[in-house]
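Report on the following structure.
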Amino acid sequence: MRDPRPKPPCLIAQGLIAQISISYPMTKLKSDFLNILSERGFLHQCSDMEALDKEAAAGKLIAYVGYDCTAPSLHVGSLISIMMLAWLQKTGGKPIVLMGGGTTRVGDPSGKDETRQLRTVAEIDANKDAMKQVFSRFLQFGSGKTEAIMVDNAEWLAPLNYIDFLRDVGRHFSVNRMLTMDSAKMRLEREQELSFIEFNYMLLQAYDYVELSRRYGCNLQMGGSDQWGNIVTGIDLGRRMGVKDHLLALTCPLLTTASGAKMGKTASGAVWLNEAQLSAYDYWQYWRNTEDADVIRFMKLFTMMPTDEIQQYEGVAGAEINHAKQVLATHATALVHGRMAASNAADTARQMFEQGARTQGLPTVEIEGEKLEKGLGLLEALVKAGLAATNSEARRHIVAGGIRLNGEQVHNDKSVLNMSHIQTDGALLLSLGKKKHVLLKPV
RNA sequence: GGAGAGGUGCCCGAGUGGUUAAAGGGGACGGACUGUAAAUCCGUUGGCUAUGCCUACGCUGGUUCGAAACCAGCCCUCUCCA
């Protein structure tokens with residue numbers, strides 16, 4: 001689509017985050033919402049900063065973020081947008097959590113190298129149900145003015161009729177323009193396939209925005225910077241389809257660590273928010289291992305710590321930065337798993353790493369007592385504990401000197417575990433490297 | 001529909017009949033050093049009941065003592081043409 005409007009003055013080039021604070025010094029922002037977001041480093045691009053500030057100050061923001069149901073849990077990558085919704089609610093706006101029950105059936109090509117396999121509807125629905133729970137930790141749901149609501153775009157997308165949709169919505173889209181958008185351009189440049197179904201994703205997301213605006217008066221869509229194209233397309237579509245509200249777009253930067261790695265990926269996969277996918281202890285560990293250079297930035301983004309408190313940690317080093325990481329981990333974990341779980345994780349880690357003492361708080365795996373009495377091969381035990389994917393991998397870890405049993409390095413890959421290895425706490429401890437520990441408990 | 005190029009391990013990418021479980025790089029993991037950080041250095045990186053066996057270079061067959069490599073058919077991607 002052509003955009004007939006002159007570009008809003010605040011529309012900054014991608015990647016030039018710093019410009020926001022230059023062109024919009026904090027004193028000029030009237031709303032708490034934008035002041036907080038700006039101060040904490042959430043802002044990347046905005047379609048009309050002045051209008052957004054005005055609406056926010058007047059308490060008239062109704063904003064949505066869409067989440068596709070591609071996995072049984074959200075992960076750290078989605079956390080930043082959840083935080084934006086939480087801040088919105090705290091500052092008098094109304095958050096809408098949009099579950100992509102419909103759009104996930106199509107698949108978003110944005111930022112993806114290649115087509116992902118289509119998911120079954122049953123899988124999508126199961127994912128959706130599992131994903132929901134985490135939002136209640138961050139948002140107050142209800143029907144009040146600032147209470148959050150959750151909707152599923154399958155509600156209006158699933159019943160769409162193809163011909164009607166083409167005539168009502170499709171005619172507003174220019175393929176010429178769509179091909180120039182980042183999501184499509186990347187595939188085209190890399191000579192990778194972009195299937196028609198994915199190509200349609202943009203239309204559906206644009207239509208979502210229109211529908212949410214009609215149904216709930218939604219006037220702001222937020223998301224990661226990779227969503228910019230989809231979001232402004234929605235704004236455009238809204239104008240063409242006669243939406244009266246002034247629709248707005250706001251994106252946050254796509255986060256990488258100071259050394260350039262994508263946020264939220266570890267060896268064992270994504271950093272999931274649901275306990276079922278990743279224990280609170282491991283979640284705490286993820287944040288504990290933050291790089292020095294990221295601590296302050298992450299405190300601002302992933303905790304609700306007041307900024308003056310965060311400032312105390314600015315520029316610290318050595319033992320102090322280590323302490324700061326613990327504070328970060330505990331605050332971040334408390335948001336997702338609750339205060340209890342967070343402080344338990346912190347205690348467990350303190351005992352394990354600082355005192356070298358094992359505790360019951362470590363991830364625990366149950367094994368058959370009978371098997372242990374007969375003698376359980378170390379390789380099998382490591383696989384059972386989840387410390388190795390296969391016997392061969394377990395063997396390699398042992399040979400490399402990465403495995404410890406009750407704190408003692410093991411060198412023999414033929415070692416056998418039995419009841420004599422059980423310690424007074426009724427379990428035995430297997431460790432991989434310095435950081436991964438699992439208690440094996442006979443049942 | 002026609003012509004050409006291509007499909008190799010988690011990713012990129014070399015290999016065009018025989019020590020090829022497949023060079024090199026990236027990533028990841030382990031070790032050393034540290035602060036549970038970063039950087040650096042070293043090692044590992046298909047599976048198994050393991051001096052051997054099985055699986056693997058898009059799929060299916062074929063040629064051969066022997067195939068990722070040669071042949072045929074099919075599938076998929078890209079480029080140009082219609």
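To be explicit about the labels: the chains of the structure tokens are called A, B, and onward in the order shown, and within each one the residues are counted from 1, while ligands get numbers from 1 in the order they are shown.
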(Q) Distance limit 6 Å, atoms considered: only C-alpha atoms (C1' of nucleotides). Which chain A residues sit that close to chain B? Return them as a ChimeraX atom specification. (A) /A:291-292,400,402
Tell me which protein, DNA and RNA residues are within 12 Å of Gly66 (chain A), counting only C-alpha atoms (C1' of nucleotides), leaving out same-chain ones fewer than 3 positions away, and put them as a short mmCIF file (atom, residue, chain, number, x, y, z; two decimals) with N, CA, C and O atoms, in the first residue's frame.
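Okay, selection22.cif is ready:
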```
data_model
loop_
_atom_site.label_atom_id
_atom_site.label_comp_id
_atom_site.auth_asym_id
_atom_site.auth_seq_id
_atom_site.Cartn_x
_atom_site.Cartn_y
_atom_site.Cartn_z
N ALA A 63 -4.72 -0.79 24.21
CA ALA A 63 -3.64 -1.30 23.37
C ALA A 63 -3.60 -2.82 23.34
O ALA A 63 -3.90 -3.48 24.33
N CYS A 69 0.33 -18.77 18.73
CA CYS A 69 0.33 -19.95 19.60
C CYS A 69 1.21 -21.04 19.01
O CYS A 69 0.74 -22.12 18.65
N LEU A 74 4.97 -19.23 26.38
CA LEU A 74 5.68 -18.08 25.85
C LEU A 74 7.11 -18.14 26.37
O LEU A 74 7.39 -18.84 27.33
N SER A 78 8.99 -12.87 24.35
CA SER A 78 7.69 -12.18 24.41
C SER A 78 7.56 -11.32 25.65
O SER A 78 6.62 -10.54 25.78
N SER A 81 7.18 -7.39 25.54
CA SER A 81 5.89 -6.82 25.16
C SER A 81 4.86 -7.02 26.27
O SER A 81 3.95 -6.20 26.45
N ILE A 82 5.00 -8.09 27.02
CA ILE A 82 4.11 -8.28 28.17
C ILE A 82 4.36 -7.18 29.19
O ILE A 82 3.43 -6.63 29.79
N LEU A 85 2.57 -4.10 28.22
CA LEU A 85 1.15 -4.16 28.57
C LEU A 85 0.96 -3.89 30.06
O LEU A 85 0.03 -3.19 30.47
N PRO A 95 -5.19 -2.96 28.59
CA PRO A 95 -4.46 -3.91 27.75
C PRO A 95 -5.38 -4.97 27.14
O PRO A 95 -6.30 -5.45 27.80
N ILE A 96 -5.11 -5.30 25.91
CA ILE A 96 -5.79 -6.42 25.27
C ILE A 96 -4.73 -7.45 24.89
O ILE A 96 -3.78 -7.12 24.18
N VAL A 97 -4.91 -8.64 25.39
CA VAL A 97 -4.02 -9.73 25.00
C VAL A 97 -4.70 -10.48 23.87
O VAL A 97 -5.78 -11.03 24.05
N LEU A 98 -4.09 -10.46 22.70
CA LEU A 98 -4.71 -11.14 21.57
C LEU A 98 -4.00 -12.47 21.33
O LEU A 98 -2.82 -12.50 21.00
N MET A 99 -4.75 -13.53 21.52
CA MET A 99 -4.18 -14.85 21.24
C MET A 99 -4.39 -15.13 19.75
O MET A 99 -5.48 -14.95 19.24
N GLY A 100 -3.33 -15.57 19.11
CA GLY A 100 -3.42 -15.77 17.67
C GLY A 100 -3.94 -17.14 17.27
O GLY A 100 -3.32 -17.83 16.47
N GLY A 101 -5.08 -17.51 17.82
CA GLY A 101 -5.66 -18.81 17.48
C GLY A 101 -5.94 -18.95 15.98
O GLY A 101 -5.90 -20.04 15.42
N GLY A 102 -6.21 -17.81 15.35
CA GLY A 102 -6.46 -17.83 13.91
C GLY A 102 -5.19 -17.62 13.10
O GLY A 102 -4.90 -18.40 12.19
N THR A 103 -4.44 -16.61 13.46
CA THR A 103 -3.24 -16.29 12.67
C THR A 103 -2.18 -17.39 12.72
O THR A 103 -1.44 -17.58 11.77
N THR A 104 -2.14 -18.11 13.83
CA THR A 104 -1.14 -19.18 13.93
C THR A 104 -1.40 -20.27 12.90
O THR A 104 -0.50 -20.99 12.49
N ASP A 108 3.40 -16.54 10.63
CA ASP A 108 4.01 -15.25 10.33
C ASP A 108 5.40 -15.44 9.75
O ASP A 108 6.26 -16.03 10.37
N LYS A 128 -2.48 -22.60 22.96
CA LYS A 128 -3.16 -21.37 23.39
C LYS A 128 -3.55 -21.49 24.87
O LYS A 128 -3.28 -20.59 25.66
N MET A 150 -8.74 -10.68 27.28
CA MET A 150 -8.03 -11.60 26.39
C MET A 150 -8.99 -12.05 25.31
O MET A 150 -10.11 -12.45 25.61
N VAL A 151 -8.57 -11.94 24.07
CA VAL A 151 -9.42 -12.39 22.98
C VAL A 151 -8.61 -13.26 22.02
O VAL A 151 -7.38 -13.21 22.03
N ASP A 152 -9.33 -14.00 21.22
CA ASP A 152 -8.68 -14.93 20.29
C ASP A 152 -9.11 -14.54 18.89
O ASP A 152 -10.31 -14.44 18.60
N ASN A 153 -8.16 -14.29 18.00
CA ASN A 153 -8.56 -13.83 16.68
C ASN A 153 -9.20 -14.91 15.81
O ASN A 153 -9.73 -14.63 14.74
N LEU A 204 -4.04 -10.57 7.55
CA LEU A 204 -4.82 -11.00 8.71
C LEU A 204 -4.48 -10.16 9.93
O LEU A 204 -5.37 -9.76 10.68
N GLN A 205 -3.19 -9.89 10.13
CA GLN A 205 -2.82 -9.09 11.29
C GLN A 205 -3.35 -7.66 11.14
O GLN A 205 -3.80 -7.05 12.11
N ALA A 206 -3.31 -7.16 9.94
CA ALA A 206 -3.85 -5.81 9.70
C ALA A 206 -5.35 -5.81 10.01
O ALA A 206 -5.87 -4.90 10.64
N ASP A 208 -6.91 -7.82 12.00
CA ASP A 208 -7.07 -7.94 13.45
C ASP A 208 -7.17 -6.57 14.10
O ASP A 208 -8.02 -6.32 14.95
N TYR A 209 -6.25 -5.71 13.71
CA TYR A 209 -6.20 -4.38 14.32
C TYR A 209 -7.52 -3.65 14.06
O TYR A 209 -8.12 -3.07 14.97
N LEU A 212 -10.26 -5.24 16.21
CA LEU A 212 -10.13 -4.89 17.62
C LEU A 212 -10.53 -3.44 17.87
O LEU A 212 -11.08 -3.09 18.91
N LEU A 220 -4.16 1.31 19.86
CA LEU A 220 -2.70 1.17 19.83
C LEU A 220 -2.34 -0.29 19.70
O LEU A 220 -2.90 -1.14 20.37
N GLN A 221 -1.41 -0.57 18.77
CA GLN A 221 -0.86 -1.91 18.72
C GLN A 221 0.64 -1.83 19.02
O GLN A 221 1.35 -0.99 18.47
N MET A 222 1.06 -2.71 19.91
CA MET A 222 2.48 -2.74 20.26
C MET A 222 3.07 -4.08 19.83
O MET A 222 2.35 -5.04 19.59
N GLY A 223 4.38 -4.13 19.77
CA GLY A 223 5.04 -5.38 19.40
C GLY A 223 6.53 -5.16 19.24
O GLY A 223 7.04 -4.06 19.47
N GLY A 224 7.21 -6.20 18.86
CA GLY A 224 8.65 -6.11 18.61
C GLY A 224 8.90 -5.36 17.31
O GLY A 224 7.99 -5.20 16.49
N GLN A 227 7.66 -6.40 13.99
CA GLN A 227 6.23 -6.31 13.70
C GLN A 227 5.84 -4.98 13.08
O GLN A 227 4.68 -4.77 12.72
N ASN A 230 3.83 -5.00 9.81
CA ASN A 230 2.47 -5.52 9.98
C ASN A 230 1.58 -4.51 10.71
O ASN A 230 0.39 -4.38 10.40
N ILE A 231 2.16 -3.83 11.66
CA ILE A 231 1.36 -2.92 12.47
C ILE A 231 0.93 -1.70 11.65
O ILE A 231 -0.24 -1.32 11.63
#
```
Q: Considering only C-alpha atoms (C1' of nucleotides), return as a list in words whatever protein or nucleic-acid residues lie within 10 Å of G15 (chain B), sequence-local ones (same chain, fewer than 6 positions apart) excluded.
A: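 So the residues in contact are U8, A22, A23, A68 and A69 of chain B.
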Selected residues written out, all heavy atoms, as a short mmCIF file (atom, residue, chain, number, x, y, z; two decimals), in the first residue's frame:
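So again.cif came out as:
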```cif
data_model
loop_
_atom_site.label_atom_id
_atom_site.label_comp_id
_atom_site.auth_asym_id
_atom_site.auth_seq_id
_atom_site.Cartn_x
_atom_site.Cartn_y
_atom_site.Cartn_z
P U B 8 21.33 -29.05 1.52
OP1 U B 8 20.50 -29.05 2.74
OP2 U B 8 22.05 -27.84 1.11
"O5'" U B 8 22.35 -30.24 1.63
"C5'" U B 8 21.91 -31.53 2.10
"C4'" U B 8 23.09 -32.33 2.54
"O4'" U B 8 24.14 -32.23 1.53
"C3'" U B 8 23.78 -31.85 3.81
"O3'" U B 8 23.15 -32.35 4.97
"C2'" U B 8 25.17 -32.46 3.65
"O2'" U B 8 25.15 -33.84 3.95
"C1'" U B 8 25.40 -32.30 2.15
N1 U B 8 26.18 -31.09 1.80
C2 U B 8 27.55 -31.12 2.03
O2 U B 8 28.11 -32.08 2.53
N3 U B 8 28.21 -29.99 1.66
C4 U B 8 27.68 -28.86 1.11
O4 U B 8 28.43 -27.92 0.82
C5 U B 8 26.25 -28.89 0.90
C6 U B 8 25.57 -29.98 1.26
P A B 22 34.90 -39.17 9.82
OP1 A B 22 35.78 -40.28 9.45
OP2 A B 22 35.41 -38.06 10.65
"O5'" A B 22 34.28 -38.56 8.48
"C5'" A B 22 33.69 -37.29 8.50
"C4'" A B 22 33.81 -36.68 7.13
"O4'" A B 22 32.99 -37.46 6.22
"C3'" A B 22 33.29 -35.23 7.07
"O3'" A B 22 34.38 -34.34 7.18
"C2'" A B 22 32.62 -35.16 5.71
"O2'" A B 22 33.53 -34.81 4.72
"C1'" A B 22 32.13 -36.60 5.50
N9 A B 22 30.77 -36.82 5.96
C8 A B 22 30.31 -37.75 6.85
N7 A B 22 29.03 -37.72 7.06
C5 A B 22 28.60 -36.68 6.25
C6 A B 22 27.33 -36.13 6.01
N6 A B 22 26.22 -36.57 6.57
N1 A B 22 27.25 -35.10 5.15
C2 A B 22 28.37 -34.66 4.57
N3 A B 22 29.62 -35.09 4.72
C4 A B 22 29.66 -36.12 5.58
P A B 23 34.50 -33.46 8.46
OP1 A B 23 34.96 -34.35 9.54
OP2 A B 23 33.28 -32.67 8.61
"O5'" A B 23 35.72 -32.50 8.08
"C5'" A B 23 36.99 -33.05 7.79
"C4'" A B 23 37.79 -32.11 6.93
"O4'" A B 23 37.15 -31.94 5.64
"C3'" A B 23 37.92 -30.68 7.45
"O3'" A B 23 38.90 -30.57 8.47
"C2'" A B 23 38.33 -29.95 6.18
"O2'" A B 23 39.67 -30.18 5.87
"C1'" A B 23 37.43 -30.64 5.15
N9 A B 23 36.17 -29.90 4.96
C8 A B 23 34.89 -30.30 5.29
N7 A B 23 33.97 -29.42 5.00
C5 A B 23 34.69 -28.36 4.46
C6 A B 23 34.29 -27.11 3.94
N6 A B 23 33.03 -26.70 3.91
N1 A B 23 35.25 -26.29 3.48
C2 A B 23 36.52 -26.70 3.53
N3 A B 23 37.02 -27.86 3.99
C4 A B 23 36.04 -28.64 4.42
P A B 68 27.14 -43.33 -0.17
OP1 A B 68 28.01 -43.56 0.98
OP2 A B 68 25.85 -44.06 -0.25
"O5'" A B 68 26.88 -41.78 -0.31
"C5'" A B 68 25.57 -41.28 -0.54
"C4'" A B 68 25.64 -39.86 -1.07
"O4'" A B 68 26.56 -39.12 -0.24
"C3'" A B 68 26.19 -39.75 -2.49
"O3'" A B 68 25.17 -39.83 -3.43
"C2'" A B 68 26.83 -38.37 -2.48
"O2'" A B 68 25.87 -37.37 -2.72
"C1'" A B 68 27.32 -38.24 -1.03
N9 A B 68 28.73 -38.54 -0.87
C8 A B 68 29.29 -39.62 -0.23
N7 A B 68 30.60 -39.60 -0.24
C5 A B 68 30.92 -38.45 -0.93
C6 A B 68 32.15 -37.86 -1.29
N6 A B 68 33.33 -38.39 -0.96
N1 A B 68 32.12 -36.71 -1.98
C2 A B 68 30.93 -36.19 -2.31
N3 A B 68 29.70 -36.64 -2.02
C4 A B 68 29.78 -37.78 -1.33
P A B 69 25.35 -40.57 -4.84
OP1 A B 69 24.09 -40.39 -5.55
OP2 A B 69 25.89 -41.91 -4.59
"O5'" A B 69 26.50 -39.74 -5.59
"C5'" A B 69 26.25 -38.44 -6.10
"C4'" A B 69 27.59 -37.83 -6.45
"O4'" A B 69 28.49 -38.10 -5.35
"C3'" A B 69 28.21 -38.41 -7.71
"O3'" A B 69 28.62 -37.36 -8.57
"C2'" A B 69 29.40 -39.23 -7.22
"O2'" A B 69 30.51 -39.07 -8.06
"C1'" A B 69 29.70 -38.62 -5.85
N9 A B 69 30.19 -39.61 -4.89
C8 A B 69 29.51 -40.63 -4.32
N7 A B 69 30.23 -41.35 -3.48
C5 A B 69 31.47 -40.74 -3.52
C6 A B 69 32.68 -41.02 -2.87
N6 A B 69 32.83 -42.02 -2.01
N1 A B 69 33.73 -40.23 -3.13
C2 A B 69 33.57 -39.21 -4.00
N3 A B 69 32.48 -38.84 -4.67
C4 A B 69 31.47 -39.66 -4.39
#
```
**Q.** G18 (chain B) environment, 10 Å, only C-alpha atoms (C1' of nucleotides), sequence neighbours closer than 2 positions dropped, as number ranges by chain
**A.** B: 20, 66-67
Q | For Thr307 (chain A): contacts at 12 Å, only C-alpha atoms (C1' of nucleotides), fewer than 3 positions along chain excluded, given as a PyMOL selection string | A | chain A and resi 35-41+296-301+303-304+310-314
Q | Interatomic distance, C1' of G25 (chain B) to C1' of G6 (chain B) (Å, one decimal) | A |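 C1' of G6 (chain B) lies at a distance of 21.6 Å from C1' of G25 (chain B).
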Mind checking which residues fall within 7 Å of region 375-381 of chain A, counting only C-alpha atoms (C1' of nucleotides), ignoring those fewer than 6 positions away in the same chain, and posting them as a compact mmCIF listing (two decimals) with C-alpha atoms, in the first residue's frame?
```
# COMPACT_ATOMS: atom_id res chain seq x y z
CA ASN A 391 24.32 -42.32 26.07
CA ALA A 394 26.80 -38.67 28.37
CA ARG A 395 29.95 -40.67 27.67
CA ASP A 413 32.03 -44.06 31.81
CA LYS A 414 31.21 -47.57 33.00
CA SER A 415 30.48 -46.41 36.53
CA VAL A 416 27.38 -47.83 38.12
CA LEU A 417 25.18 -46.05 40.60
CA ASN A 418 23.68 -47.87 43.55
```
Q. Among region 156-302 of chain A, which residues carry a DSSP assignment of strand (DSSP E), reported as a list in words?
A. Leu220, Gln221, Met222, Gly223, Gly224, Leu248, Ala249, Leu250, Thr251, Cys252, Lys265, Thr266, Gly269 and Ala270 of chain A
Write down as a PDB file with all heavy atoms, in the first residue's frame the residues of region 82-114 of chain A whose backbone DSSP state falls under alpha helix (DSSP H).
```pdb
ATOM      1  N   ILE A  82       5.001  -8.092  27.024  1.00  0.00           N
ATOM      2  CA  ILE A  82       4.106  -8.284  28.167  1.00  0.00           C
ATOM      3  C   ILE A  82       4.360  -7.179  29.187  1.00  0.00           C
ATOM      4  O   ILE A  82       3.433  -6.633  29.792  1.00  0.00           O
ATOM      5  CB  ILE A  82       4.314  -9.666  28.822  1.00  0.00           C
ATOM      6  CG1 ILE A  82       4.077 -10.786  27.809  1.00  0.00           C
ATOM      7  CG2 ILE A  82       3.375  -9.838  30.012  1.00  0.00           C
ATOM      8  CD1 ILE A  82       4.348 -12.179  28.354  1.00  0.00           C
ATOM      9  N   MET A  83       5.620  -6.834  29.359  1.00  0.00           N
ATOM     10  CA  MET A  83       5.964  -5.754  30.287  1.00  0.00           C
ATOM     11  C   MET A  83       5.337  -4.436  29.829  1.00  0.00           C
ATOM     12  O   MET A  83       4.863  -3.648  30.646  1.00  0.00           O
ATOM     13  CB  MET A  83       7.486  -5.594  30.388  1.00  0.00           C
ATOM     14  CG  MET A  83       8.211  -6.733  31.064  1.00  0.00           C
ATOM     15  SD  MET A  83       7.728  -7.025  32.778  1.00  0.00           S
ATOM     16  CE  MET A  83       8.452  -5.610  33.606  1.00  0.00           C
ATOM     17  N   MET A  84       5.315  -4.233  28.530  1.00  0.00           N
ATOM     18  CA  MET A  84       4.712  -2.986  28.032  1.00  0.00           C
ATOM     19  C   MET A  84       3.215  -2.947  28.367  1.00  0.00           C
ATOM     20  O   MET A  84       2.687  -1.911  28.742  1.00  0.00           O
ATOM     21  CB  MET A  84       4.927  -2.848  26.523  1.00  0.00           C
ATOM     22  CG  MET A  84       6.369  -2.555  26.164  1.00  0.00           C
ATOM     23  SD  MET A  84       6.566  -1.768  24.550  1.00  0.00           S
ATOM     24  CE  MET A  84       6.095  -3.075  23.473  1.00  0.00           C
ATOM     25  N   LEU A  85       2.571  -4.104  28.217  1.00  0.00           N
ATOM     26  CA  LEU A  85       1.145  -4.158  28.570  1.00  0.00           C
ATOM     27  C   LEU A  85       0.957  -3.890  30.061  1.00  0.00           C
ATOM     28  O   LEU A  85       0.026  -3.194  30.474  1.00  0.00           O
ATOM     29  CB  LEU A  85       0.562  -5.528  28.219  1.00  0.00           C
ATOM     30  CG  LEU A  85       0.360  -5.833  26.737  1.00  0.00           C
ATOM     31  CD1 LEU A  85      -0.137  -7.258  26.552  1.00  0.00           C
ATOM     32  CD2 LEU A  85      -0.627  -4.842  26.106  1.00  0.00           C
ATOM     33  N   ALA A  86       1.867  -4.439  30.864  1.00  0.00           N
ATOM     34  CA  ALA A  86       1.758  -4.255  32.309  1.00  0.00           C
ATOM     35  C   ALA A  86       1.933  -2.786  32.685  1.00  0.00           C
ATOM     36  O   ALA A  86       1.183  -2.251  33.505  1.00  0.00           O
ATOM     37  CB  ALA A  86       2.798  -5.115  33.021  1.00  0.00           C
ATOM     38  N   TRP A  87       2.919  -2.140  32.062  1.00  0.00           N
ATOM     39  CA  TRP A  87       3.121  -0.710  32.344  1.00  0.00           C
ATOM     40  C   TRP A  87       1.930   0.104  31.862  1.00  0.00           C
ATOM     41  O   TRP A  87       1.529   1.084  32.502  1.00  0.00           O
ATOM     42  CB  TRP A  87       4.408  -0.200  31.685  1.00  0.00           C
ATOM     43  CG  TRP A  87       5.655  -0.624  32.396  1.00  0.00           C
ATOM     44  CD1 TRP A  87       6.655  -1.411  31.913  1.00  0.00           C
ATOM     45  CD2 TRP A  87       6.042  -0.286  33.734  1.00  0.00           C
ATOM     46  NE1 TRP A  87       7.634  -1.597  32.861  1.00  0.00           N
ATOM     47  CE2 TRP A  87       7.292  -0.918  33.984  1.00  0.00           C
ATOM     48  CE3 TRP A  87       5.458   0.481  34.754  1.00  0.00           C
ATOM     49  CZ2 TRP A  87       7.961  -0.806  35.214  1.00  0.00           C
ATOM     50  CZ3 TRP A  87       6.142   0.590  35.959  1.00  0.00           C
ATOM     51  CH2 TRP A  87       7.361  -0.035  36.187  1.00  0.00           C
ATOM     52  N   LEU A  88       1.357  -0.310  30.752  1.00  0.00           N
ATOM     53  CA  LEU A  88       0.176   0.389  30.246  1.00  0.00           C
ATOM     54  C   LEU A  88      -0.936   0.357  31.286  1.00  0.00           C
ATOM     55  O   LEU A  88      -1.575   1.375  31.583  1.00  0.00           O
ATOM     56  CB  LEU A  88      -0.298  -0.266  28.945  1.00  0.00           C
ATOM     57  CG  LEU A  88      -1.606   0.296  28.398  1.00  0.00           C
ATOM     58  CD1 LEU A  88      -1.352   1.622  27.698  1.00  0.00           C
ATOM     59  CD2 LEU A  88      -2.289  -0.679  27.465  1.00  0.00           C
ATOM     60  N   GLN A  89      -1.142  -0.831  31.845  1.00  0.00           N
ATOM     61  CA  GLN A  89      -2.208  -0.955  32.833  1.00  0.00           C
ATOM     62  C   GLN A  89      -1.907  -0.124  34.068  1.00  0.00           C
ATOM     63  O   GLN A  89      -2.783   0.553  34.608  1.00  0.00           O
ATOM     64  CB  GLN A  89      -2.386  -2.418  33.224  1.00  0.00           C
ATOM     65  CG  GLN A  89      -3.582  -2.644  34.140  1.00  0.00           C
ATOM     66  CD  GLN A  89      -3.952  -4.112  34.257  1.00  0.00           C
ATOM     67  OE1 GLN A  89      -3.109  -4.956  34.523  1.00  0.00           O
ATOM     68  NE2 GLN A  89      -5.222  -4.412  34.038  1.00  0.00           N
ATOM     69  N   LYS A  90      -0.663  -0.148  34.501  1.00  0.00           N
ATOM     70  CA  LYS A  90      -0.272   0.615  35.685  1.00  0.00           C
ATOM     71  C   LYS A  90      -0.457   2.115  35.485  1.00  0.00           C
ATOM     72  O   LYS A  90      -0.591   2.850  36.454  1.00  0.00           O
ATOM     73  CB  LYS A  90       1.200   0.355  36.018  1.00  0.00           C
ATOM     74  CG  LYS A  90       1.434  -0.888  36.856  1.00  0.00           C
ATOM     75  CD  LYS A  90       2.918  -1.010  37.177  1.00  0.00           C
ATOM     76  CE  LYS A  90       3.263  -2.371  37.763  1.00  0.00           C
ATOM     77  NZ  LYS A  90       2.677  -2.572  39.107  1.00  0.00           N
TER      78      LYS A  90
END
```
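The protein and nucleic acid residues lying at most 7 Å from region 419-422 of chain A are A:Leu372, A:Glu373, A:Leu428, with only C-alpha atoms (C1' of nucleotides) considered and sequence neighbours fewer than 6 positions away removed.
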